[in-house]
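This is query_27.txt. It holds compact mmCIF, C-alpha atoms and all ligand atoms.
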# COMPACT_ATOMS: atom_id res chain seq x y z
CA MET U 1 -62.77 39.06 76.53
CA GLU U 2 -60.59 36.02 76.11
CA THR U 3 -60.92 34.36 79.50
CA ASN U 4 -62.80 31.19 80.32
CA SER U 5 -65.82 33.02 81.64
CA LEU U 6 -69.28 33.79 80.36
CA CYS U 7 -69.96 36.18 77.48
CA ILE U 8 -73.35 37.89 77.70
CA VAL U 9 -74.93 39.40 74.59
CA SER U 10 -78.34 41.02 74.34
CA GLY U 11 -80.69 42.94 72.06
CA ASN U 12 -81.70 42.19 68.48
CA ALA U 13 -79.87 39.78 66.17
CA TYR U 14 -77.48 42.39 64.76
CA GLU U 15 -76.74 43.88 68.20
CA ARG U 16 -76.08 40.47 69.70
CA GLY U 17 -73.75 39.66 66.83
CA ARG U 18 -71.91 42.95 67.12
CA GLN U 19 -71.40 42.46 70.86
CA ARG U 20 -70.16 38.92 70.26
CA GLY U 21 -67.76 40.13 67.57
CA GLY U 22 -66.37 42.72 69.96
CA LEU U 23 -66.03 40.37 72.94
CA LEU U 24 -64.46 37.57 70.88
CA LYS U 25 -62.54 39.72 68.40
CA ALA U 26 -59.16 38.02 68.77
CA LYS U 27 -60.63 34.49 68.69
CA ILE U 28 -62.71 35.26 65.61
CA ALA U 29 -59.90 36.99 63.72
CA ALA U 30 -57.57 34.06 64.34
CA LYS U 31 -60.27 31.57 63.32
CA ILE U 32 -61.10 33.38 60.09
CA ASP U 33 -57.39 33.58 59.15
CA ARG U 34 -56.85 29.90 59.97
CA THR U 35 -59.95 28.73 58.12
CA LEU U 36 -59.27 30.78 55.00
CA GLY U 37 -55.68 29.59 54.88
CA HIS U 38 -56.78 25.99 55.10
CA LEU U 39 -59.61 26.34 52.56
CA MET U 40 -57.36 28.11 50.04
CA SER U 41 -54.85 25.27 50.32
CA GLN U 42 -57.59 22.77 49.46
CA CYS U 43 -59.62 24.26 46.63
CA PRO U 44 -59.95 27.18 44.21
CA GLU U 45 -60.85 30.53 45.75
CA ALA U 46 -63.71 31.05 43.27
CA LEU U 47 -65.34 27.82 44.41
CA ILE U 48 -65.02 28.78 48.08
CA ARG U 49 -66.62 32.15 47.34
CA SER U 50 -69.52 30.78 45.29
CA THR U 51 -70.18 28.13 47.95
CA ALA U 52 -70.25 30.74 50.69
CA GLU U 53 -72.51 33.01 48.61
CA ALA U 54 -75.03 30.20 48.11
CA PHE U 55 -75.26 29.84 51.91
CA VAL U 56 -75.57 33.60 52.42
CA LYS U 57 -78.51 33.72 49.98
CA THR U 58 -80.23 30.70 51.52
CA ILE U 59 -79.80 31.89 55.10
CA GLY U 60 -80.93 35.40 54.15
CA SER U 61 -84.03 34.00 52.52
CA ASP U 62 -85.01 31.36 55.11
CA TYR U 63 -83.70 32.87 58.36
CA PRO U 64 -82.91 36.57 57.79
CA LYS U 65 -82.18 37.15 61.48
CA ILE U 66 -79.30 34.67 61.31
CA LEU U 67 -77.81 36.70 58.47
CA GLU U 68 -78.22 39.91 60.50
CA GLY U 69 -76.39 38.17 63.33
CA LEU U 70 -73.52 37.16 61.03
CA ARG U 71 -73.23 40.75 59.79
CA GLY U 72 -73.11 41.93 63.38
CA ILE U 73 -70.34 39.49 64.29
CA ALA U 74 -68.23 40.60 61.31
CA ASP U 75 -68.76 44.28 62.18
CA GLY U 76 -68.03 43.74 65.86
CA ALA U 77 -64.85 41.84 65.05
CA GLY U 78 -63.81 44.47 62.49
CA ILE U 79 -63.67 42.00 59.59
CA GLU U 80 -64.93 42.89 56.12
CA PHE U 81 -68.19 40.95 55.61
CA GLU U 82 -67.27 39.16 52.39
CA ARG U 83 -64.02 37.89 53.88
CA PHE U 84 -65.88 36.89 57.04
CA TYR U 85 -68.63 34.87 55.36
CA THR U 86 -66.25 33.30 52.87
CA ALA U 87 -64.46 31.70 55.82
CA ALA U 88 -67.52 31.07 58.00
CA LEU U 89 -69.67 29.56 55.23
CA GLY U 90 -67.22 28.43 52.54
CA ARG U 91 -66.15 25.29 54.42
CA PRO U 92 -68.16 22.76 52.38
CA ALA U 93 -66.09 23.61 49.30
CA ALA U 94 -63.24 21.67 50.88
CA THR U 95 -63.33 17.90 50.88
CA PHE U 96 -61.98 17.67 54.43
CA LEU U 97 -65.54 17.98 55.69
CA ASN U 98 -66.66 14.94 53.74
CA PRO U 99 -63.87 12.37 53.92
CA ILE U 100 -66.25 9.46 53.38
CA SER U 101 -67.94 10.84 50.29
CA ALA U 102 -64.58 12.01 49.01
CA GLY U 103 -63.29 8.46 49.20
CA SER U 104 -60.67 9.31 51.77
CA SER U 105 -59.64 6.87 54.44
CA ARG U 106 -59.00 9.71 56.85
CA PRO U 107 -61.45 9.36 59.73
CA SER U 108 -63.62 12.26 60.75
CA GLU U 109 -62.80 13.95 63.99
CA GLU U 110 -66.00 14.43 65.85
CA CYS U 111 -67.52 14.30 69.32
CA SER U 112 -69.19 11.98 71.85
CA CYS U 113 -72.45 12.81 73.64
CA PHE U 114 -75.14 11.19 75.76
CA ALA U 115 -78.54 11.83 77.31
CA ARG U 116 -79.81 10.10 80.43
CA PRO U 117 -82.86 10.62 82.64
CA GLN U 118 -81.97 11.28 86.25
CA SER U 119 -83.47 8.52 88.31
CA GLY U 120 -83.10 9.54 91.95
CA ASP U 121 -83.96 12.81 93.71
CA ARG U 122 -83.18 14.93 90.68
CA SER U 123 -85.60 15.32 87.83
CA GLY U 124 -85.25 15.85 84.12
CA ILE U 125 -82.84 14.66 81.46
CA LEU U 126 -79.10 15.23 81.75
CA LEU U 127 -77.20 15.94 78.52
CA ALA U 128 -73.41 15.84 78.24
CA LYS U 129 -70.74 15.87 75.56
CA ASN U 130 -67.06 15.94 74.80
CA ALA U 131 -66.09 18.42 72.07
CA ASP U 132 -63.46 16.72 69.89
CA LEU U 133 -61.62 18.22 66.94
CA ALA U 134 -58.07 18.98 66.05
CA SER U 135 -57.41 19.68 62.41
CA VAL U 136 -56.27 22.95 60.92
CA GLY U 137 -59.23 25.22 60.26
CA ASP U 138 -61.40 23.43 62.76
CA PRO U 139 -61.86 24.48 66.39
CA ILE U 140 -58.95 24.49 68.78
CA ALA U 141 -59.17 24.68 72.55
CA SER U 142 -58.85 28.46 72.63
CA ASP U 143 -61.96 28.76 70.43
CA LEU U 144 -64.18 27.30 73.16
CA THR U 145 -66.70 29.90 74.26
CA ALA U 146 -69.55 29.99 76.79
CA LEU U 147 -72.31 32.52 76.26
CA ARG U 148 -75.63 33.64 77.60
CA VAL U 149 -77.79 35.10 74.84
CA GLU U 150 -80.53 37.51 75.93
CA PRO U 151 -82.62 38.35 72.85
CA ASN U 152 -85.21 41.10 72.89
CA ASP U 153 -87.21 38.96 70.47
CA GLY U 154 -87.08 35.46 71.98
CA TYR U 155 -86.07 33.18 74.84
CA ARG U 156 -82.83 33.55 76.80
CA PHE U 157 -80.35 30.70 76.48
CA LEU U 158 -76.97 29.45 77.66
CA CYS U 159 -74.71 27.95 75.01
CA TYR U 160 -71.25 26.56 74.37
CA THR U 161 -69.33 26.35 71.13
CA GLY U 162 -66.00 25.84 69.43
CA PHE U 163 -67.18 28.14 66.63
CA PRO U 164 -66.89 31.73 67.89
CA GLU U 165 -67.64 33.01 64.37
CA TRP U 166 -71.17 31.57 64.19
CA PRO U 167 -74.21 32.98 66.04
CA GLY U 168 -75.36 31.19 69.20
CA GLY U 169 -73.76 27.89 70.09
CA THR U 170 -73.53 24.31 68.91
CA GLU U 171 -74.89 23.11 72.28
CA GLY U 172 -77.27 24.93 74.60
CA ILE U 173 -80.25 25.16 76.95
CA ASN U 174 -82.90 27.85 77.01
CA GLU U 175 -84.95 29.39 79.80
CA HIS U 176 -87.82 26.95 79.12
CA GLY U 177 -85.55 23.92 79.52
CA LEU U 178 -85.15 22.95 75.85
CA ALA U 179 -81.60 21.60 75.62
CA MET U 180 -79.44 20.06 72.90
CA VAL U 181 -76.00 18.56 72.38
CA GLY U 182 -74.63 16.82 69.32
CA SER U 183 -71.75 15.13 67.58
CA GLY U 184 -70.73 15.46 63.96
CA VAL U 185 -71.08 12.60 61.50
CA SER U 186 -69.22 12.34 58.21
CA THR U 187 -71.92 11.28 55.80
CA SER U 188 -72.15 10.34 52.15
CA ASP U 189 -75.49 12.21 52.01
CA VAL U 190 -74.08 15.43 50.57
CA PRO U 191 -74.61 17.09 47.19
CA SER U 192 -71.77 17.13 44.71
CA ASP U 193 -72.19 20.87 44.16
CA TRP U 194 -72.63 23.40 46.97
CA THR U 195 -73.00 26.44 44.76
CA ASP U 196 -76.72 26.07 44.01
CA GLU U 197 -78.46 28.35 46.47
CA THR U 198 -81.76 26.51 46.12
CA ARG U 199 -80.15 23.31 47.41
CA VAL U 200 -77.69 24.17 50.16
CA GLY U 201 -80.04 24.62 53.15
CA VAL U 202 -79.12 26.15 56.50
CA PRO U 203 -76.37 24.40 58.49
CA LEU U 204 -77.80 22.81 61.63
CA HIS U 205 -75.02 24.32 63.78
CA ILE U 206 -76.20 27.77 62.82
CA LEU U 207 -79.90 26.92 63.01
CA GLN U 208 -79.58 25.73 66.60
CA SER U 209 -79.42 29.27 67.96
CA GLU U 210 -82.74 30.02 66.28
CA ILE U 211 -84.24 26.87 67.80
CA LEU U 212 -83.08 27.87 71.29
CA ARG U 213 -84.35 31.43 70.74
CA THR U 214 -87.82 30.44 69.52
CA CYS U 215 -88.78 26.91 70.71
CA ARG U 216 -89.92 25.47 74.04
CA THR U 217 -90.22 21.80 73.15
CA ILE U 218 -88.65 19.08 71.02
CA ASP U 219 -91.74 19.04 68.80
CA GLU U 220 -91.33 22.77 68.13
CA ALA U 221 -87.62 22.24 67.42
CA LEU U 222 -88.42 19.44 64.98
CA VAL U 223 -90.39 21.86 62.81
CA HIS U 224 -87.04 23.55 62.05
CA ILE U 225 -84.94 20.38 61.99
CA ARG U 226 -87.27 18.60 59.55
CA ARG U 227 -86.79 21.36 57.01
CA SER U 228 -84.59 19.84 54.28
CA PRO U 229 -81.99 20.30 52.87
CA ARG U 230 -79.87 20.94 55.97
CA GLY U 231 -76.59 22.62 55.24
CA PHE U 232 -73.35 20.71 55.26
CA LEU U 233 -72.90 18.77 58.47
CA GLY U 234 -74.19 15.34 59.37
CA ARG U 235 -75.05 15.17 63.05
CA ASP U 236 -76.26 12.98 65.88
CA LEU U 237 -78.36 15.46 67.86
CA LEU U 238 -79.68 14.77 71.38
CA LEU U 239 -82.56 16.89 72.66
CA ALA U 240 -84.51 17.18 75.92
CA ASP U 241 -87.29 19.46 77.11
CA ARG U 242 -89.14 20.31 80.33
CA THR U 243 -92.13 18.10 79.49
CA GLY U 244 -89.78 15.15 80.10
CA ALA U 245 -89.49 14.38 76.39
CA TRP U 246 -86.07 13.45 75.00
CA ALA U 247 -84.90 12.18 71.66
CA LYS U 248 -82.01 11.46 69.34
CA CYS U 249 -82.13 12.88 65.81
CA GLU U 250 -79.86 11.48 63.13
CA VAL U 251 -79.50 14.34 60.71
CA SER U 252 -77.97 14.59 57.25
CA PHE U 253 -78.51 16.75 54.18
CA ASP U 254 -81.70 15.02 53.01
CA HIS U 255 -82.40 12.38 55.68
CA LEU U 256 -83.69 12.49 59.23
CA GLU U 257 -84.48 9.76 61.74
CA VAL U 258 -85.94 10.51 65.18
CA GLU U 259 -85.69 8.05 68.08
CA ARG U 260 -87.71 9.01 71.15
CA GLY U 261 -86.08 8.42 74.52
CA GLY U 262 -89.16 7.13 76.38
CA GLY U 263 -88.37 3.62 77.62
CA CYS U 264 -84.64 3.91 76.87
CA PRO U 265 -82.11 3.96 79.72
CA TYR U 266 -79.93 6.41 77.74
CA LEU U 267 -79.24 7.73 74.23
CA ILE U 268 -75.74 8.12 72.80
CA GLY U 269 -74.32 9.95 69.81
CA THR U 270 -70.81 9.49 68.45
CA SER U 271 -69.70 9.75 64.83
CA HIS U 272 -71.93 7.29 62.98
CA TYR U 273 -75.65 6.65 62.47
CA GLN U 274 -77.37 3.67 64.12
CA SER U 275 -80.80 3.59 62.45
CA GLU U 276 -81.43 1.03 59.74
CA ARG U 277 -82.17 3.71 57.15
CA MET U 278 -79.24 6.01 57.89
CA ALA U 279 -76.45 3.66 58.98
CA PRO U 280 -75.37 3.11 55.34
CA LEU U 281 -74.81 6.88 55.03
CA SER U 282 -72.08 7.00 57.69
CA PRO U 283 -68.70 5.33 58.33
CA THR U 284 -68.60 1.58 58.94
CA ARG U 285 -66.86 0.05 61.92
CA SER U 286 -63.83 -0.78 59.83
CA GLN U 287 -63.68 2.75 58.42
CA TYR U 288 -63.97 4.41 61.80
CA PRO U 289 -63.53 2.02 64.78
CA SER U 290 -63.18 4.92 67.25
CA SER U 291 -66.82 5.93 66.82
CA TYR U 292 -68.09 2.41 67.59
CA LEU U 293 -65.70 1.86 70.51
CA ARG U 294 -66.68 5.18 72.11
CA MET U 295 -70.39 4.36 71.75
CA GLU U 296 -69.94 0.90 73.30
CA ARG U 297 -67.86 2.25 76.17
CA LEU U 298 -70.40 4.99 76.95
CA ALA U 299 -73.20 2.40 76.86
CA ALA U 300 -71.30 0.16 79.29
CA MET U 301 -70.62 2.98 81.74
CA LEU U 302 -74.19 4.32 81.57
CA SER U 303 -75.59 0.81 82.05
CA ASP U 304 -73.49 0.41 85.19
CA ALA U 305 -74.60 3.76 86.65
CA SER U 306 -77.52 3.80 89.06
CA GLY U 307 -79.43 6.67 90.62
CA ASP U 308 -78.68 10.28 89.79
CA LEU U 309 -75.50 11.20 87.97
CA GLU U 310 -73.71 13.92 89.93
CA LEU U 311 -71.50 16.36 88.06
CA GLU U 312 -68.37 14.51 89.18
CA ASP U 313 -69.84 11.26 87.81
CA VAL U 314 -70.40 12.97 84.45
CA ARG U 315 -66.86 14.37 84.41
CA SER U 316 -65.50 10.93 85.23
CA ILE U 317 -67.43 9.31 82.34
CA LEU U 318 -66.26 12.00 79.92
CA ALA U 319 -62.65 11.56 81.17
CA ASP U 320 -62.64 7.80 80.57
CA HIS U 321 -59.42 6.42 79.07
CA ARG U 322 -60.43 2.82 78.27
CA HIS U 323 -58.79 1.90 74.92
CA GLY U 324 -56.29 4.68 75.52
CA PRO U 325 -55.76 7.49 76.19
CA SER U 326 -55.89 7.51 72.41
CA ASN U 327 -58.18 8.31 69.49
CA GLU U 328 -60.36 5.41 70.65
CA SER U 329 -61.01 6.57 74.23
CA ILE U 330 -63.97 8.74 75.32
CA CYS U 331 -61.49 11.43 76.35
CA ARG U 332 -59.40 11.54 73.20
CA HIS U 333 -55.66 12.12 73.00
CA SER U 334 -54.19 11.59 69.54
CA ASP U 335 -52.79 13.14 66.40
CA VAL U 336 -56.13 12.50 64.69
CA SER U 337 -58.53 13.98 67.19
CA ASN U 338 -58.45 15.47 70.65
CA THR U 339 -61.04 16.27 73.27
CA LEU U 340 -60.87 20.04 73.58
CA GLY U 341 -63.47 20.52 76.30
CA SER U 342 -66.82 19.31 77.63
CA VAL U 343 -70.27 20.54 78.53
CA CYS U 344 -73.19 19.23 80.58
CA PHE U 345 -76.75 20.61 80.80
CA GLU U 346 -79.36 20.14 83.51
CA ASP U 347 -82.75 21.76 83.86
CA ALA U 348 -84.86 22.91 86.85
CA PRO U 349 -83.45 25.47 86.72
CA PRO U 350 -81.34 25.58 83.52
CA GLN U 351 -77.64 25.09 84.24
CA MET U 352 -74.61 24.74 81.98
CA HIS U 353 -71.47 23.08 83.36
CA VAL U 354 -68.45 23.81 81.16
CA LEU U 355 -64.94 22.39 81.03
CA PHE U 356 -62.57 24.60 79.08
CA GLY U 357 -60.15 21.75 78.59
CA ARG U 358 -59.95 17.96 78.67
CA PRO U 359 -62.20 16.40 81.33
CA CYS U 360 -59.23 14.39 82.66
CA GLU U 361 -57.35 17.64 83.37
CA THR U 362 -59.97 20.33 84.01
CA ARG U 363 -62.63 21.18 86.59
CA PRO U 364 -66.13 22.29 85.56
CA VAL U 365 -67.43 25.84 85.83
CA THR U 366 -71.19 26.22 86.27
CA PHE U 367 -73.25 29.00 84.69
CA ASP U 368 -76.97 29.70 85.03
CA MET U 369 -79.46 32.27 83.86
CA ASP U 370 -78.28 34.71 86.56
CA SER U 371 -74.49 34.19 86.34
CA THR U 372 -72.52 37.36 85.87
CA GLY U 373 -70.06 37.59 83.02
CA GLU U 374 -68.60 39.91 80.44
CA ALA U 375 -71.59 41.92 79.30
CA VAL U 376 -71.59 44.97 77.05
ZN ZN U 401 -57.97 12.46 78.88
Starting from the file, lay out its structure as structure tokens.
Amino acid sequence: METNSLCIVSGNAYERGRQRGGLLKAKIAAKIDRTLGHLMSQCPEALIRSTAEAFVKTIGSDYPKILEGLRGIADGAGIEFERFYTAALGRPAATFLNPISAGSSRPSEECSCFARPQSGDRSGILLAKNADLASVGDPIASDLTALRVEPNDGYRFLCYTGFPEWPGGTEGINEHGLAMVGSGVSTSDVPSDWTDETRVGVPLHILQSEILRTCRTIDEALVHIRRSPRGFLGRDLLLADRTGAWAKCEVSFDHLEVERGGGCPYLIGTSHYQSERMAPLSPTRSQYPSSYLRMERLAAMLSDASGDLELEDVRSILADHRHGPSNESICRHSDVSNTLGSVCFEDAPPQMHVLFGRPCETRPVTFDMDSTGEAV
């Protein structure tokens, strides 16, 4: 299954993983090859392996069902498990994930997202994001995948990801209306050594599928998110639930700040932290002007919007080319980073609108809890 349609996986964690591995076999094999090649060019193989093993032990101890899911994906894709997890979980060994802490001037290559309450006839909180990345080893447009996960031990959810090799998705909405999108943040809050299994934590990207499977509300999700340390990715995470609650979480290895949406006209995440406590842990304006320009442009467009945002309004915001098209525009076109695709979530009932390409060039496809797709 390599088309831009919906993958449907069901059953227990291992079965879901195995089905995913089978459906996305070519994408996953290419991703594992690409990632391993890039990691090996950056650091010693022994370090990559010991880093990955620390994550395997931590995930197996804290969230054993996630580890079962990873085993299933490897088996379904026909990839030997050690090779699979070395690529899927060995990434922090390479400094490219932490350009700020590594002292590099290379900017990170992350996403833009926003949350906004509908204010006309529609109800609930709308979440949307552009998925931006471009470097070797990181997602490319053909990695983008839309899934519906139907666990026999939890809630059903729709999700979207550029990481076919990890369980669940990096953005999603479940049958109870809990939804999340996020953007990566390069942060200095990372340990110097990733090989200590007692200190690596579970990466938030991977944890999100467990949150969508088991939580109905933001407060339930925060029980998982508050658990530190938190893997290897800094993130601006936007959440909404059916009670009308919405929030932005600034997340790093050992720090967390939660801003509730009540009273705000919108919340925005790009590639830096805004809170007083966490801002010093992320790139400054001079280090990464794109992140600040994208946040200001999204704020200006969302301030100008009135009433409900229709899907075409969302696509138009995500396709904005002010300051570009370039690395500085919302829809990014550059050698540094590119917008690969987009996603938008609405509840009542849960819907996922996906663009499998740049929002300036692609039309959205809508999936819901009843959409047909490639099931096994
Ligand atoms: Zn564009």
Between CA of Asp241 (chain U) and CA of Leu178 (chain U) - distance in Å to one decimal: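 Atom-to-atom, CA of Leu178 (chain U) to CA of Asp241 (chain U), that is 4.3 Å.
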Output the neighbourhood of ligand ZN 401 (chain U) as an mmCIF file with C-alpha atoms, in the frame of the given file, that is, all protein and nucleic acid residues with some atom at most 12 Å from the ligand, counting all atoms listed in the file.
data_model
loop_
_atom_site.group_PDB
_atom_site.id
_atom_site.type_symbol
_atom_site.label_atom_id
_atom_site.label_comp_id
_atom_site.auth_asym_id
_atom_site.auth_seq_id
_atom_site.Cartn_x
_atom_site.Cartn_y
_atom_site.Cartn_z
ATOM 1 C CA ASN U 130 -67.060 15.940 74.800
ATOM 2 C CA ASP U 132 -63.460 16.720 69.890
ATOM 3 C CA ARG U 315 -66.860 14.370 84.410
ATOM 4 C CA SER U 316 -65.500 10.930 85.230
ATOM 5 C CA ILE U 317 -67.430 9.310 82.340
ATOM 6 C CA LEU U 318 -66.260 12.000 79.920
ATOM 7 C CA ALA U 319 -62.650 11.560 81.170
ATOM 8 C CA ASP U 320 -62.640 7.800 80.570
ATOM 9 C CA HIS U 321 -59.420 6.420 79.070
ATOM 10 C CA ARG U 322 -60.430 2.820 78.270
ATOM 11 C CA HIS U 323 -58.790 1.900 74.920
ATOM 12 C CA GLY U 324 -56.290 4.680 75.520
ATOM 13 C CA PRO U 325 -55.760 7.490 76.190
ATOM 14 C CA SER U 326 -55.890 7.510 72.410
ATOM 15 C CA ASN U 327 -58.180 8.310 69.490
ATOM 16 C CA GLU U 328 -60.360 5.410 70.650
ATOM 17 C CA SER U 329 -61.010 6.570 74.230
ATOM 18 C CA ILE U 330 -63.970 8.740 75.320
ATOM 19 C CA CYS U 331 -61.490 11.430 76.350
ATOM 20 C CA ARG U 332 -59.400 11.540 73.200
ATOM 21 C CA HIS U 333 -55.660 12.120 73.000
ATOM 22 C CA SER U 334 -54.190 11.590 69.540
ATOM 23 C CA SER U 337 -58.530 13.980 67.190
ATOM 24 C CA ASN U 338 -58.450 15.470 70.650
ATOM 25 C CA THR U 339 -61.040 16.270 73.270
ATOM 26 C CA LEU U 340 -60.870 20.040 73.580
ATOM 27 C CA GLY U 341 -63.470 20.520 76.300
ATOM 28 C CA SER U 342 -66.820 19.310 77.630
ATOM 29 C CA GLY U 357 -60.150 21.750 78.590
ATOM 30 C CA ARG U 358 -59.950 17.960 78.670
ATOM 31 C CA PRO U 359 -62.200 16.400 81.330
ATOM 32 C CA CYS U 360 -59.230 14.390 82.660
ATOM 33 C CA GLU U 361 -57.350 17.640 83.370
ATOM 34 C CA THR U 362 -59.970 20.330 84.010
#
Give me, as CSV, the closest atom pair and its distance (Å, one decimal) for every residue of region 119-234 of chain U within a cut-off of 8 Å of region 11-26 of chain U, counting only C-alpha atoms, rows sorted by chain and rising number.
residue,atom,partner,partner_atom,distance
U:Val149,CA,U:Arg16,CA,7.6
U:Glu150,CA,U:Gly11,CA,6.7
U:Pro151,CA,U:Gly11,CA,5.0
U:Asn152,CA,U:Gly11,CA,5.0
U:Asp153,CA,U:Asn12,CA,6.7
U:Pro164,CA,U:Leu24,CA,7.0
U:Glu165,CA,U:Gly21,CA,7.8
U:Pro167,CA,U:Gly17,CA,6.7
Atom-to-atom span, CA of Leu39 (chain U) and CA of Leu237 (chain U), Å: 26.5 Å
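If you measure from each of U:Glu82, U:Asp219, U:Glu45, U:Asp313 to Arg260 (chain U) using all atoms listed in the file, the closest one turns out to be U:Asp219.
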